[in-house]
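Structure file model-v9.tsv; described as TSV, C-alpha atoms and all ligand atoms.
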chain	number	residue	atom	x	y	z
A	28	MET	CA	0.00	0.00	0.00
A	29	THR	CA	1.29	3.46	-0.90
A	30	PRO	CA	-0.16	6.92	-0.12
A	31	HIS	CA	-1.76	6.78	-3.60
A	32	THR	CA	-3.55	3.44	-3.10
A	33	ARG	CA	-7.27	3.99	-3.61
A	34	VAL	CA	-8.81	2.97	-0.29
A	35	PHE	CA	-12.49	2.52	0.50
A	36	VAL	CA	-13.66	2.26	4.11
A	37	ALA	CA	-17.08	0.63	3.65
A	38	GLY	CA	-19.17	1.72	6.63
A	39	GLY	CA	-17.29	4.96	7.20
A	40	ASN	CA	-19.94	6.15	9.65
A	41	THR	CA	-19.42	3.25	12.07
A	42	LEU	CA	-17.14	3.24	15.12
A	43	TYR	CA	-14.49	1.26	13.22
A	44	GLY	CA	-15.01	3.23	10.03
A	45	HIS	CA	-14.43	6.61	11.66
A	46	ALA	CA	-11.31	5.35	13.42
A	47	LEU	CA	-9.95	3.90	10.18
A	48	THR	CA	-10.65	7.00	8.11
A	49	THR	CA	-8.96	9.19	10.73
A	50	LEU	CA	-5.93	6.88	10.89
A	51	LEU	CA	-5.59	6.63	7.10
A	52	ARG	CA	-5.64	10.42	6.80
A	53	THR	CA	-3.01	10.73	9.55
A	54	GLU	CA	-0.86	8.16	7.75
A	55	GLY	CA	-0.97	10.24	4.57
A	56	PHE	CA	-3.36	8.22	2.38
A	57	GLU	CA	-4.46	10.70	-0.25
A	58	SER	CA	-6.94	8.67	-2.24
A	59	LEU	CA	-9.75	7.74	0.11
A	60	VAL	CA	-12.91	7.09	-1.88
A	61	GLY	CA	-16.54	7.03	-0.76
A	62	VAL	CA	-15.93	9.18	2.31
A	63	GLY	CA	-18.90	10.75	4.11
A	64	THR	CA	-21.93	11.45	1.94
A	65	THR	CA	-20.18	9.95	-1.12
A	66	GLU	CA	-20.51	6.45	0.34
A	67	PRO	CA	-23.25	4.60	-1.56
A	68	ASP	CA	-26.11	2.78	0.12
A	69	LEU	CA	-24.34	-0.54	0.57
A	70	THR	CA	-27.60	-2.43	1.09
A	71	ASP	CA	-28.39	-1.52	-2.54
A	72	ALA	CA	-26.59	-3.95	-4.88
A	73	ALA	CA	-26.84	-1.74	-7.99
A	74	ALA	CA	-25.60	1.38	-6.19
A	75	THR	CA	-22.70	-0.55	-4.65
A	76	ASP	CA	-21.74	-2.05	-8.00
A	77	ALA	CA	-21.88	1.34	-9.76
A	78	PHE	CA	-19.68	2.87	-7.04
A	79	PHE	CA	-17.02	0.16	-7.42
A	80	ALA	CA	-17.16	0.41	-11.22
A	81	GLN	CA	-16.47	4.13	-11.02
A	82	GLU	CA	-14.04	4.38	-8.10
A	83	ARG	CA	-12.16	1.06	-8.49
A	84	PRO	CA	-10.80	0.91	-4.95
A	85	GLU	CA	-7.61	-1.12	-4.57
A	86	CYS	CA	-8.02	-1.73	-0.86
A	87	VAL	CA	-11.32	-2.12	1.02
A	88	PHE	CA	-11.97	-2.21	4.75
A	89	LEU	CA	-15.42	-3.74	5.17
A	90	CYS	CA	-16.85	-2.37	8.42
A	91	ALA	CA	-20.36	-1.75	7.12
A	92	GLY	CA	-23.49	-3.17	8.72
A	93	ARG	CA	-25.39	-2.12	11.80
A	94	SER	CA	-24.28	-3.37	15.19
A	95	GLY	CA	-25.20	-2.69	18.77
A	96	GLY	CA	-25.13	-3.82	22.35
A	97	ILE	CA	-27.04	-6.59	24.02
A	98	GLY	CA	-30.22	-4.43	24.15
A	99	LEU	CA	-30.31	-3.77	20.39
A	100	ASN	CA	-29.45	-7.39	19.60
A	101	ARG	CA	-32.52	-8.53	21.53
A	102	ALA	CA	-34.81	-5.80	20.18
A	103	ALA	CA	-33.85	-5.80	16.48
A	104	PRO	CA	-32.26	-9.12	15.42
A	105	VAL	CA	-33.92	-8.99	11.98
A	106	GLU	CA	-32.64	-5.51	11.12
A	107	LEU	CA	-29.11	-6.28	12.34
A	108	MET	CA	-28.91	-9.57	10.47
A	109	ARG	CA	-30.41	-8.27	7.22
A	110	ASP	CA	-28.24	-5.16	7.17
A	111	ASN	CA	-25.05	-7.16	7.72
A	112	LEU	CA	-25.94	-9.85	5.20
A	113	LEU	CA	-26.91	-7.34	2.52
A	114	THR	CA	-23.93	-5.02	2.90
A	115	THR	CA	-21.49	-7.94	2.96
A	116	LEU	CA	-23.05	-9.66	-0.07
A	117	ASN	CA	-23.01	-6.45	-2.08
A	118	VAL	CA	-19.52	-5.24	-1.18
A	119	LEU	CA	-17.85	-8.63	-1.72
A	120	ALA	CA	-19.62	-9.11	-5.06
A	121	ALA	CA	-18.61	-5.64	-6.26
A	122	ALA	CA	-15.01	-5.97	-5.02
A	123	HIS	CA	-14.73	-9.26	-6.89
A	124	ARG	CA	-16.34	-7.96	-10.07
A	125	HIS	CA	-14.33	-4.73	-10.29
A	126	GLY	CA	-10.71	-5.55	-9.85
A	127	MET	CA	-9.93	-7.90	-7.00
A	128	ALA	CA	-9.13	-5.32	-4.35
A	129	LYS	CA	-7.34	-6.45	-1.21
A	130	LEU	CA	-10.18	-6.56	1.27
A	131	LEU	CA	-10.30	-6.88	5.05
A	132	TYR	CA	-13.69	-8.00	6.32
A	133	LEU	CA	-14.38	-7.17	9.93
A	134	ALA	CA	-16.38	-9.96	11.54
A	135	SER	CA	-17.09	-10.00	15.29
A	136	SER	CA	-15.99	-11.91	18.37
A	137	CYS	CA	-19.74	-12.58	18.96
A	138	ALA	CA	-19.47	-15.20	16.20
A	139	TYR	CA	-17.41	-17.49	18.47
A	140	PRO	CA	-19.17	-20.35	20.26
A	141	LYS	CA	-20.51	-19.26	23.64
A	142	HIS	CA	-18.50	-21.87	25.52
A	143	ALA	CA	-15.31	-22.00	23.45
A	144	ALA	CA	-12.01	-22.23	25.36
A	145	GLN	CA	-10.60	-18.84	26.36
A	146	PRO	CA	-8.76	-16.93	25.09
A	147	LEU	CA	-10.59	-17.55	21.82
A	148	LYS	CA	-8.51	-19.10	19.03
A	149	VAL	CA	-9.74	-18.98	15.45
A	150	GLU	CA	-9.69	-22.80	15.42
A	151	SER	CA	-12.74	-22.68	17.75
A	152	LEU	CA	-14.93	-20.88	15.22
A	153	GLY	CA	-17.91	-23.02	14.26
A	154	THR	CA	-17.35	-25.67	16.92
A	155	GLY	CA	-20.44	-24.91	19.04
A	156	PRO	CA	-23.59	-22.82	19.46
A	157	MET	CA	-23.28	-19.04	19.69
A	158	GLU	CA	-24.52	-16.77	22.49
A	159	PRO	CA	-28.33	-16.67	21.91
A	160	THR	CA	-28.80	-12.93	22.67
A	161	SER	CA	-26.75	-11.96	19.59
A	162	GLU	CA	-27.19	-15.05	17.43
A	163	ALA	CA	-28.84	-13.38	14.41
A	164	TYR	CA	-26.14	-10.70	14.09
A	165	SER	CA	-23.36	-13.19	14.78
A	166	THR	CA	-24.67	-15.63	12.19
A	167	ALA	CA	-24.50	-12.86	9.58
A	168	LYS	CA	-20.91	-12.12	10.63
A	169	PHE	CA	-20.03	-15.81	10.47
A	170	ALA	CA	-21.58	-16.03	7.00
A	171	GLY	CA	-19.54	-13.01	5.91
A	172	TRP	CA	-16.35	-14.80	6.93
A	173	LYS	CA	-17.40	-17.95	5.05
A	174	LEU	CA	-18.28	-15.92	1.96
A	175	CYS	CA	-14.83	-14.27	1.97
A	176	ASP	CA	-13.36	-17.74	2.24
A	177	ALA	CA	-15.46	-19.00	-0.65
A	178	TYR	CA	-14.38	-16.06	-2.86
A	179	ARG	CA	-10.74	-16.85	-2.02
A	180	ARG	CA	-11.09	-20.49	-2.96
A	181	GLU	CA	-13.27	-20.13	-6.05
A	182	TYR	CA	-11.88	-16.91	-7.54
A	183	GLY	CA	-8.54	-16.34	-5.78
A	184	CYS	CA	-9.75	-13.05	-4.22
A	185	ARG	CA	-7.46	-11.42	-1.66
A	186	PHE	CA	-10.20	-11.31	0.98
A	187	VAL	CA	-9.00	-11.56	4.58
A	188	THR	CA	-11.23	-11.80	7.66
A	189	GLY	CA	-10.46	-10.21	11.03
A	190	PHE	CA	-12.29	-10.91	14.29
A	191	PRO	CA	-12.08	-7.77	16.45
A	192	ALA	CA	-12.37	-7.68	20.23
A	193	ASN	CA	-15.06	-5.43	21.80
A	194	ALA	CA	-14.10	-1.98	20.57
A	195	PHE	CA	-15.02	1.43	21.98
A	196	GLY	CA	-14.15	5.03	21.18
A	197	PRO	CA	-15.37	8.26	19.59
A	198	HIS	CA	-18.39	8.08	17.24
A	199	ASP	CA	-19.77	5.05	19.07
A	200	ASP	CA	-23.50	4.67	19.76
A	201	PHE	CA	-23.97	6.30	23.17
A	202	THR	CA	-27.68	5.57	23.49
A	203	PRO	CA	-28.62	3.58	26.61
A	204	GLU	CA	-30.82	1.23	24.55
A	205	GLY	CA	-28.56	0.62	21.52
A	206	GLY	CA	-24.99	1.05	22.68
A	207	HIS	CA	-22.44	-1.48	23.85
A	208	VAL	CA	-21.57	-1.50	27.51
A	209	ILE	CA	-18.89	1.25	27.52
A	210	PRO	CA	-20.71	4.02	25.61
A	211	ALA	CA	-24.07	3.10	27.19
A	212	LEU	CA	-22.62	3.23	30.70
A	213	LEU	CA	-20.68	6.45	30.01
A	214	ARG	CA	-23.95	8.04	28.92
A	215	ARG	CA	-25.98	6.72	31.82
A	216	ALA	CA	-23.28	7.63	34.39
A	217	HIS	CA	-23.10	11.13	32.89
A	218	ASP	CA	-26.89	11.55	33.09
A	219	ALA	CA	-26.98	10.10	36.64
A	220	LYS	CA	-24.29	12.56	37.73
A	221	SER	CA	-26.11	15.50	36.08
A	222	ARG	CA	-29.34	14.59	37.88
A	223	GLY	CA	-27.54	14.00	41.19
A	224	ASP	CA	-28.76	10.38	41.39
A	225	ALA	CA	-27.57	8.25	44.30
A	226	GLU	CA	-27.40	5.08	42.19
A	227	LEU	CA	-26.19	3.95	38.77
A	228	VAL	CA	-27.83	0.76	37.52
A	229	VAL	CA	-25.46	-1.66	35.74
A	230	TRP	CA	-27.05	-4.46	33.71
A	231	GLY	CA	-26.46	-8.06	34.72
A	232	THR	CA	-24.30	-9.46	37.51
A	233	GLY	CA	-21.12	-7.52	36.63
A	234	ALA	CA	-19.27	-10.86	36.44
A	235	PRO	CA	-18.91	-11.32	32.63
A	236	ARG	CA	-15.50	-10.50	31.25
A	237	ARG	CA	-14.71	-8.81	27.95
A	238	GLU	CA	-11.55	-7.83	26.13
A	239	PHE	CA	-11.80	-4.16	25.22
A	240	VAL	CA	-9.78	-2.53	22.46
A	241	TYR	CA	-9.66	1.18	21.74
A	242	SER	CA	-10.96	1.96	18.25
A	243	ARG	CA	-7.72	3.75	17.34
A	244	ASP	CA	-5.73	0.59	18.15
A	245	LEU	CA	-8.22	-1.53	16.24
A	246	ALA	CA	-7.77	0.75	13.21
A	247	ARG	CA	-3.99	0.41	13.52
A	248	ALA	CA	-4.37	-3.39	13.69
A	249	CYS	CA	-6.56	-3.33	10.55
A	250	LEU	CA	-4.03	-1.28	8.59
A	251	PHE	CA	-1.23	-3.56	9.78
A	252	VAL	CA	-3.15	-6.64	8.63
A	253	ALA	CA	-4.02	-5.05	5.27
A	254	ARG	CA	-0.31	-4.40	4.73
A	255	ASN	CA	1.18	-7.58	6.11
A	256	TYR	CA	-1.26	-10.49	6.10
A	257	GLU	CA	-2.48	-12.54	3.16
A	258	GLY	CA	-3.31	-15.77	5.01
A	259	GLU	CA	-6.33	-17.96	4.47
A	260	ALA	CA	-7.03	-18.35	8.20
A	261	PRO	CA	-8.99	-15.50	9.82
A	262	ILE	CA	-7.02	-13.39	12.27
A	263	ASN	CA	-8.05	-12.13	15.71
A	264	LEU	CA	-7.70	-8.37	16.21
A	265	GLY	CA	-7.26	-7.99	19.94
A	266	GLY	CA	-4.40	-7.38	22.31
A	267	GLY	CA	-6.65	-5.15	24.41
A	268	THR	CA	-7.54	-5.10	28.10
A	269	ASP	CA	-9.47	-7.95	29.74
A	270	LEU	CA	-11.90	-6.62	32.39
A	271	SER	CA	-15.07	-7.68	34.21
A	272	ILE	CA	-18.19	-5.57	33.64
A	273	ALA	CA	-17.98	-4.54	37.31
A	274	ASP	CA	-14.39	-3.27	36.68
A	275	VAL	CA	-15.66	-1.36	33.65
A	276	ALA	CA	-18.53	0.18	35.63
A	277	HIS	CA	-16.14	1.38	38.36
A	278	ALA	CA	-13.74	2.84	35.77
A	279	VAL	CA	-16.64	4.60	34.00
A	280	ALA	CA	-17.92	6.06	37.28
A	281	GLU	CA	-14.44	7.41	38.06
A	282	VAL	CA	-13.86	8.93	34.62
A	283	VAL	CA	-17.30	10.58	34.64
A	284	GLY	CA	-16.99	11.66	38.28
A	285	PHE	CA	-20.15	9.84	39.39
A	286	LYS	CA	-19.88	9.48	43.17
A	287	GLY	CA	-22.99	7.39	43.91
A	288	ARG	CA	-23.45	3.62	44.35
A	289	LEU	CA	-23.36	1.02	41.59
A	290	VAL	CA	-26.36	-1.34	41.60
A	291	PHE	CA	-26.34	-4.54	39.53
A	292	ASP	CA	-29.69	-5.34	37.91
A	293	THR	CA	-29.66	-9.12	37.61
A	294	THR	CA	-32.99	-9.15	35.75
A	295	LYS	CA	-30.97	-7.95	32.73
A	296	PRO	CA	-29.00	-10.55	30.70
A	297	ASP	CA	-25.26	-11.11	31.14
A	298	GLY	CA	-24.71	-12.35	27.60
A	299	ALA	CA	-21.58	-14.40	26.99
A	300	PRO	CA	-19.73	-15.16	30.24
A	301	LEU	CA	-16.30	-14.44	28.74
A	302	LYS	CA	-14.98	-12.96	25.53
A	303	ALA	CA	-11.23	-12.52	25.17
A	304	LEU	CA	-9.29	-13.20	21.99
A	305	ASP	CA	-6.06	-15.07	21.49
A	306	SER	CA	-4.22	-12.51	19.35
A	307	ALA	CA	-0.87	-14.33	19.37
A	308	PRO	CA	-0.71	-14.57	15.54
A	309	LEU	CA	-1.10	-10.78	15.24
A	310	LEU	CA	1.34	-10.07	18.06
A	311	ASP	CA	3.83	-12.57	16.62
A	312	MET	CA	3.81	-10.56	13.41
A	313	GLY	CA	5.06	-7.59	15.44
A	314	TRP	CA	1.92	-5.52	16.01
A	315	ARG	CA	1.36	-3.98	19.47
A	316	PRO	CA	-1.53	-1.92	20.91
A	317	GLU	CA	-0.55	1.57	22.08
A	318	SER	CA	-3.46	2.78	24.18
A	319	ASP	CA	-3.90	2.67	27.93
A	320	PHE	CA	-7.48	1.63	28.81
A	321	ARG	CA	-8.11	4.42	31.33
A	322	ALA	CA	-6.70	7.13	29.04
A	323	ALA	CA	-8.78	5.78	26.13
A	324	LEU	CA	-11.92	5.78	28.30
A	325	ASN	CA	-11.21	9.36	29.28
A	326	GLU	CA	-10.72	10.40	25.64
A	327	THR	CA	-13.97	8.68	24.68
A	328	TYR	CA	-15.88	10.46	27.44
A	329	HIS	CA	-14.43	13.81	26.38
A	330	TRP	CA	-15.39	13.14	22.77
A	331	PHE	CA	-18.93	12.40	23.99
A	332	LEU	CA	-19.05	15.64	26.03
A	333	HIS	CA	-17.78	17.73	23.13
A	334	HIS	CA	-20.02	15.99	20.63
A	335	ARG	CA	-23.08	16.58	22.79
A	336	ALA	CA	-22.15	20.22	23.16
A	337	THR	CA	-21.74	20.54	19.38
A	338	GLU	CA	-25.02	18.73	18.80
A	339	GLY	CA	-26.74	21.18	21.11
A	340	ARG	CA	-25.32	24.16	19.20
A	341	THR	CA	-26.27	22.66	15.84
A	342	HIS	CA	-29.83	22.08	16.98
A	343	ALA	CA	-30.00	25.58	18.41
A	344	ARG	CA	-28.84	27.02	15.06
A	345	ARG	CA	-31.39	24.95	13.19
A	346	ALA	CA	-34.15	26.11	15.51
A	347	VAL	CA	-33.30	29.75	14.68
B	1	LIG	P1	-21.85	-8.12	24.34
B	1	LIG	O1	-20.37	-7.98	24.54
B	1	LIG	O2	-22.22	-8.56	22.97
B	1	LIG	O3	-22.47	-8.98	25.42
B	1	LIG	O4	-22.52	-6.70	24.41
B	1	LIG	P2	-22.62	-5.46	25.44
B	1	LIG	O5	-21.41	-4.61	25.31
B	1	LIG	O6	-23.92	-4.82	25.15
B	1	LIG	O7	-22.71	-6.08	26.91
B	1	LIG	C1	-21.60	-6.54	27.62
B	1	LIG	C2	-21.97	-6.81	29.06
B	1	LIG	O8	-22.15	-5.57	29.75
B	1	LIG	C3	-23.24	-7.62	29.30
B	1	LIG	O9	-23.00	-8.52	30.36
B	1	LIG	C4	-24.25	-6.55	29.74
B	1	LIG	O10	-25.29	-7.07	30.55
B	1	LIG	C5	-23.33	-5.62	30.55
B	1	LIG	N1	-23.86	-4.26	30.76
B	1	LIG	C6	-23.93	-3.59	31.93
B	1	LIG	N2	-24.52	-2.40	31.80
B	1	LIG	C7	-24.80	-2.25	30.47
B	1	LIG	C8	-25.39	-1.20	29.71
B	1	LIG	O11	-25.80	-0.15	30.19
B	1	LIG	N3	-25.52	-1.43	28.38
B	1	LIG	C9	-25.06	-2.58	27.78
B	1	LIG	N4	-25.19	-2.72	26.45
B	1	LIG	N5	-24.52	-3.60	28.48
B	1	LIG	C10	-24.37	-3.44	29.80

Now that the file is in, can you turn its structure into structure tokens?
Ligand code: GDP
Amino acid sequence: MTPHTRVFVAGGNTLYGHALTTLLRTEGFESLVGVGTTEPDLTDAAATDAFFAQERPECVFLCAGRSGGIGLNRAAPVELMRDNLLTTLNVLAAAHRHGMAKLLYLASSCAYPKHAAQPLKVESLGTGPMEPTSEAYSTAKFAGWKLCDAYRREYGCRFVTGFPANAFGPHDDFTPEGGHVIPALLRRAHDAKSRGDAELVVWGTGAPRREFVYSRDLARACLFVARNYEGEAPINLGGGTDLSIADVAHAVAEVVGFKGRLVFDTTKPDGAPLKALDSAPLLDMGWRPESDFRAALNETYHWFLHHRATEGRTHARRAV
């Protein structure tokens, strides 16, 4: 890859997409295509095909498709599964038809079996049932991996699949209903502090463990893989911090400055008991994460504060 390589970040408005676009710009990539409003509707096969025919990207990061936390996965499994299946089908077909771009498909650690041995090795994929709360979304992600694999075998496409750990960072979904645990808790802790609440409710028992990776590190891992990995086997994109949900809730409360009590609502689901990736293959290739969890959490909270402030101003201007 050179600064002139034509790169398309499919799903540029997602958490991963924003982090990747920012990183690519910082790294001096001059030919990003389909950025912002110029990204086609990737659920539309004809629009996606026309975009690839015109722009002919040479490298594609496929981060498109809706995703969300445990709440959204339970409330909207159809929409999540359809969106991910459609965008993946369309982008892979267009990438194949118009020039065999190097493509990195971002799957999800949710696609691992619920009770696979930890840390999760790619050899465990497909060896058991998935976590039921996110099964529809995860099945779409699993299918995306298998489709990349099929394109490799049948047509020799340079399609690589990465399985990222739970990512967080700026541009995430901070809604209490839709977001993953970190943005949702940052938002709810912020609101609880603003209202002067005595308690912050944390979903589930607090016992599940997750590996969290900052979106900037995930973007760095993606670029590293796009440059250095051509293998047939999928590759885990982790190397982050392994924490219990209770640890996360305490860290969030501290960063936000919420001084009240944490209450665990055990009527809410825990989801998978554990999710940490074995990222040895990536680390063996020489990649290392750079971010400190607490500093990344702080940065994410400050992005949220600034973004809310900007949103407020934008709405105020519109109202005038
Ligand atoms: P998952 O990694 O796919 O299970 O998705 P989440 O990030 O949504 O949830 C991770 C864990 O955090 C689960 O055990 C949730 O019950 C727990 N959790 C605690 N509070 C919250 C919250 O406010 N929102 C979300 N989404 N999860 C929470």

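The neighbours of segment 319-321 of chain A here are the residues that come within 12 Å of it, using only C-alpha atoms and leaving out any residue fewer than 6 positions away in the same chain; they are Ala194, Phe195, Gly196, Ile209, Glu238, Phe239, Val240, Tyr241, Ser242, Arg243, Asp244, Gly266, Gly267, Thr268, Asp269, Leu270, Asp274, Val275, His277, Ala278, Val279, Ala280, Glu281, Val282, Val283, Thr327 and Tyr328 of chain A.
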
Contact check, chain A to ligand LIG 1 (chain B), at most 7 Å, counting all atoms listed in the file, closest pairs as CSV:
residue,atom,partner,partner_atom,distance
A:Gly95,CA,B:LIG1,O6,6.8
A:Gly96,CA,B:LIG1,O6,3.2
A:Ile97,CA,B:LIG1,O6,3.8
A:Gly98,CA,B:LIG1,N4,5.8
A:Cys137,CA,B:LIG1,O2,6.2
A:Ser161,CA,B:LIG1,O2,6.6
A:Asn193,CA,B:LIG1,O1,6.5
A:Pro203,CA,B:LIG1,O11,5.9
A:Gly205,CA,B:LIG1,N4,6.8
A:Gly206,CA,B:LIG1,N4,5.3
A:His207,CA,B:LIG1,O5,3.6
A:Val208,CA,B:LIG1,C9,3.7
A:Ile209,CA,B:LIG1,O5,6.8
A:Ala211,CA,B:LIG1,O11,4.7
A:Leu212,CA,B:LIG1,O11,4.7
A:Val229,CA,B:LIG1,N2,4.1
A:Trp230,CA,B:LIG1,C6,3.7
A:Gly231,CA,B:LIG1,O10,4.4
A:Gly233,CA,B:LIG1,O9,6.6
A:Pro235,CA,B:LIG1,O9,5.5
A:Arg237,CA,B:LIG1,O1,6.7
A:Ile272,CA,B:LIG1,O8,5.6
A:Lys295,CA,B:LIG1,O10,6.1
A:Pro296,CA,B:LIG1,O10,5.1
A:Asp297,CA,B:LIG1,O9,3.5
A:Gly298,CA,B:LIG1,O3,4.6
A:Ala299,CA,B:LIG1,O3,5.7

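Of the listed residues (A:Ser306, A:Gly44, A:Gly38, A:Thr29), A:Thr29 comes nearest to Glu57 of chain A; the distances count only C-alpha atoms.
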
Mind running segment 63-100 of chain A against segment 179-185 of chain A at 12 Å and telling me each contacting residue's nearest atom pair with the distance in Å (one decimal), counting only C-alpha atoms, chain and number ascending, as JSON lines?
{"residue": "A:Glu85", "atom": "CA", "partner": "A:Arg185", "partner_atom": "CA", "distance": 10.7}
{"residue": "A:Cys86", "atom": "CA", "partner": "A:Arg185", "partner_atom": "CA", "distance": 9.7}
{"residue": "A:Val87", "atom": "CA", "partner": "A:Arg185", "partner_atom": "CA", "distance": 10.4}

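Taking all atoms listed in the file into account, Val105 of chain A lies nearest to A:Ala167 out of the set A:Leu245, A:Val149, A:Leu310, A:Ala167.
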
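Among A:Leu51, A:Ala273, A:Ala253, A:Ala74, the residue with the shortest atom-to-atom distance to Leu133 of chain A, counting only C-alpha atoms, is A:Ala253.
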
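Between atom CA of Ala80 of chain A and atom CA of Val118 of chain A the interatomic distance comes to 11.8 Å.
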
- Message: Need the shell around Phe186 of chain A: protein/DNA/RNA residues with any atom at most 12 Å away, counting all atoms listed in the file. Skip same-chain ones fewer than 5 positions apart. Format as JSON, numbers by chain?
- Response: {"A": [85, 86, 87, 88, 89, 115, 118, 119, 120, 122, 123, 127, 128, 129, 130, 131, 132, 133, 171, 172, 173, 174, 175, 176, 177, 178, 179, 180, 181, 252, 253, 256, 257, 258, 259, 260, 261, 262]}

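We find atom CA of Thr293 of chain A and atom CA of Glu204 of chain A to be spaced 16.7 Å apart.
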
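The gap separating atom CA of Asp76 of chain A from atom CA of Ala121 of chain A is 5.1 Å, in Å to one decimal.
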
- Message: I need every residue sitting at most 12 Å from the point (-18.8, -23.3, 19.1) (coordinates as in the file, only C-alpha atoms considered), written as number ranges by chain.
- Response: A: 136-145, 147-159, 162, 165-166, 169

Once N, CA, C and O atoms are restored for segment 57-72 of chain A, what would the output be as an mmCIF file, in the coordinates of the input?
data_model
loop_
_atom_site.group_PDB
_atom_site.id
_atom_site.type_symbol
_atom_site.label_atom_id
_atom_site.label_comp_id
_atom_site.auth_asym_id
_atom_site.auth_seq_id
_atom_site.Cartn_x
_atom_site.Cartn_y
_atom_site.Cartn_z
ATOM 1 N N GLU A 57 -3.886 9.545 0.441
ATOM 2 C CA GLU A 57 -4.460 10.700 -0.250
ATOM 3 C C GLU A 57 -5.685 10.348 -1.077
ATOM 4 O O GLU A 57 -6.376 11.232 -1.567
ATOM 5 N N SER A 58 -5.885 9.056 -1.305
ATOM 6 C CA SER A 58 -6.940 8.670 -2.240
ATOM 7 C C SER A 58 -8.030 7.839 -1.557
ATOM 8 O O SER A 58 -8.283 6.697 -1.944
ATOM 9 N N LEU A 59 -8.626 8.423 -0.527
ATOM 10 C CA LEU A 59 -9.750 7.740 0.110
ATOM 11 C C LEU A 59 -10.984 7.985 -0.745
ATOM 12 O O LEU A 59 -11.268 9.130 -1.095
ATOM 13 N N VAL A 60 -11.711 6.913 -1.050
ATOM 14 C CA VAL A 60 -12.910 7.090 -1.880
ATOM 15 C C VAL A 60 -14.152 6.739 -1.056
ATOM 16 O O VAL A 60 -14.077 5.965 -0.096
ATOM 17 N N GLY A 61 -15.271 7.340 -1.428
ATOM 18 C CA GLY A 61 -16.540 7.030 -0.760
ATOM 19 C C GLY A 61 -16.623 7.541 0.664
ATOM 20 O O GLY A 61 -17.312 6.956 1.499
ATOM 21 N N VAL A 62 -15.921 8.647 0.942
ATOM 22 C CA VAL A 62 -15.930 9.180 2.310
ATOM 23 C C VAL A 62 -17.181 10.026 2.535
ATOM 24 O O VAL A 62 -17.617 10.756 1.643
ATOM 25 N N GLY A 63 -17.750 9.926 3.721
ATOM 26 C CA GLY A 63 -18.900 10.750 4.110
ATOM 27 C C GLY A 63 -20.107 10.492 3.227
ATOM 28 O O GLY A 63 -20.482 9.356 2.968
ATOM 29 N N THR A 64 -20.681 11.586 2.706
ATOM 30 C CA THR A 64 -21.930 11.450 1.940
ATOM 31 C C THR A 64 -21.699 10.786 0.584
ATOM 32 O O THR A 64 -22.661 10.458 -0.112
ATOM 33 N N THR A 65 -20.421 10.599 0.188
ATOM 34 C CA THR A 65 -20.180 9.950 -1.120
ATOM 35 C C THR A 65 -20.211 8.423 -1.009
ATOM 36 O O THR A 65 -20.096 7.738 -2.010
ATOM 37 N N GLU A 66 -20.379 7.911 0.209
ATOM 38 C CA GLU A 66 -20.510 6.450 0.340
ATOM 39 C C GLU A 66 -21.886 6.038 -0.178
ATOM 40 O O GLU A 66 -22.901 6.614 0.209
ATOM 41 N N PRO A 67 -21.930 5.016 -1.063
ATOM 42 C CA PRO A 67 -23.250 4.600 -1.560
ATOM 43 C C PRO A 67 -24.022 3.846 -0.488
ATOM 44 O O PRO A 67 -23.453 3.467 0.538
ATOM 45 N N ASP A 68 -25.308 3.626 -0.765
ATOM 46 C CA ASP A 68 -26.110 2.780 0.120
ATOM 47 C C ASP A 68 -25.675 1.333 -0.136
ATOM 48 O O ASP A 68 -26.007 0.752 -1.179
ATOM 49 N N LEU A 69 -24.945 0.774 0.795
ATOM 50 C CA LEU A 69 -24.340 -0.540 0.570
ATOM 51 C C LEU A 69 -25.336 -1.689 0.688
ATOM 52 O O LEU A 69 -25.010 -2.838 0.389
ATOM 53 N N THR A 70 -26.565 -1.379 1.110
ATOM 54 C CA THR A 70 -27.600 -2.430 1.090
ATOM 55 C C THR A 70 -28.226 -2.517 -0.310
ATOM 56 O O THR A 70 -29.025 -3.401 -0.585
ATOM 57 N N ASP A 71 -27.855 -1.576 -1.180
ATOM 58 C CA ASP A 71 -28.390 -1.520 -2.540
ATOM 59 C C ASP A 71 -27.323 -2.093 -3.490
ATOM 60 O O ASP A 71 -26.272 -1.469 -3.716
ATOM 61 N N ALA A 72 -27.598 -3.256 -4.068
ATOM 62 C CA ALA A 72 -26.590 -3.950 -4.880
ATOM 63 C C ALA A 72 -26.174 -3.114 -6.093
ATOM 64 O O ALA A 72 -24.978 -3.005 -6.400
#
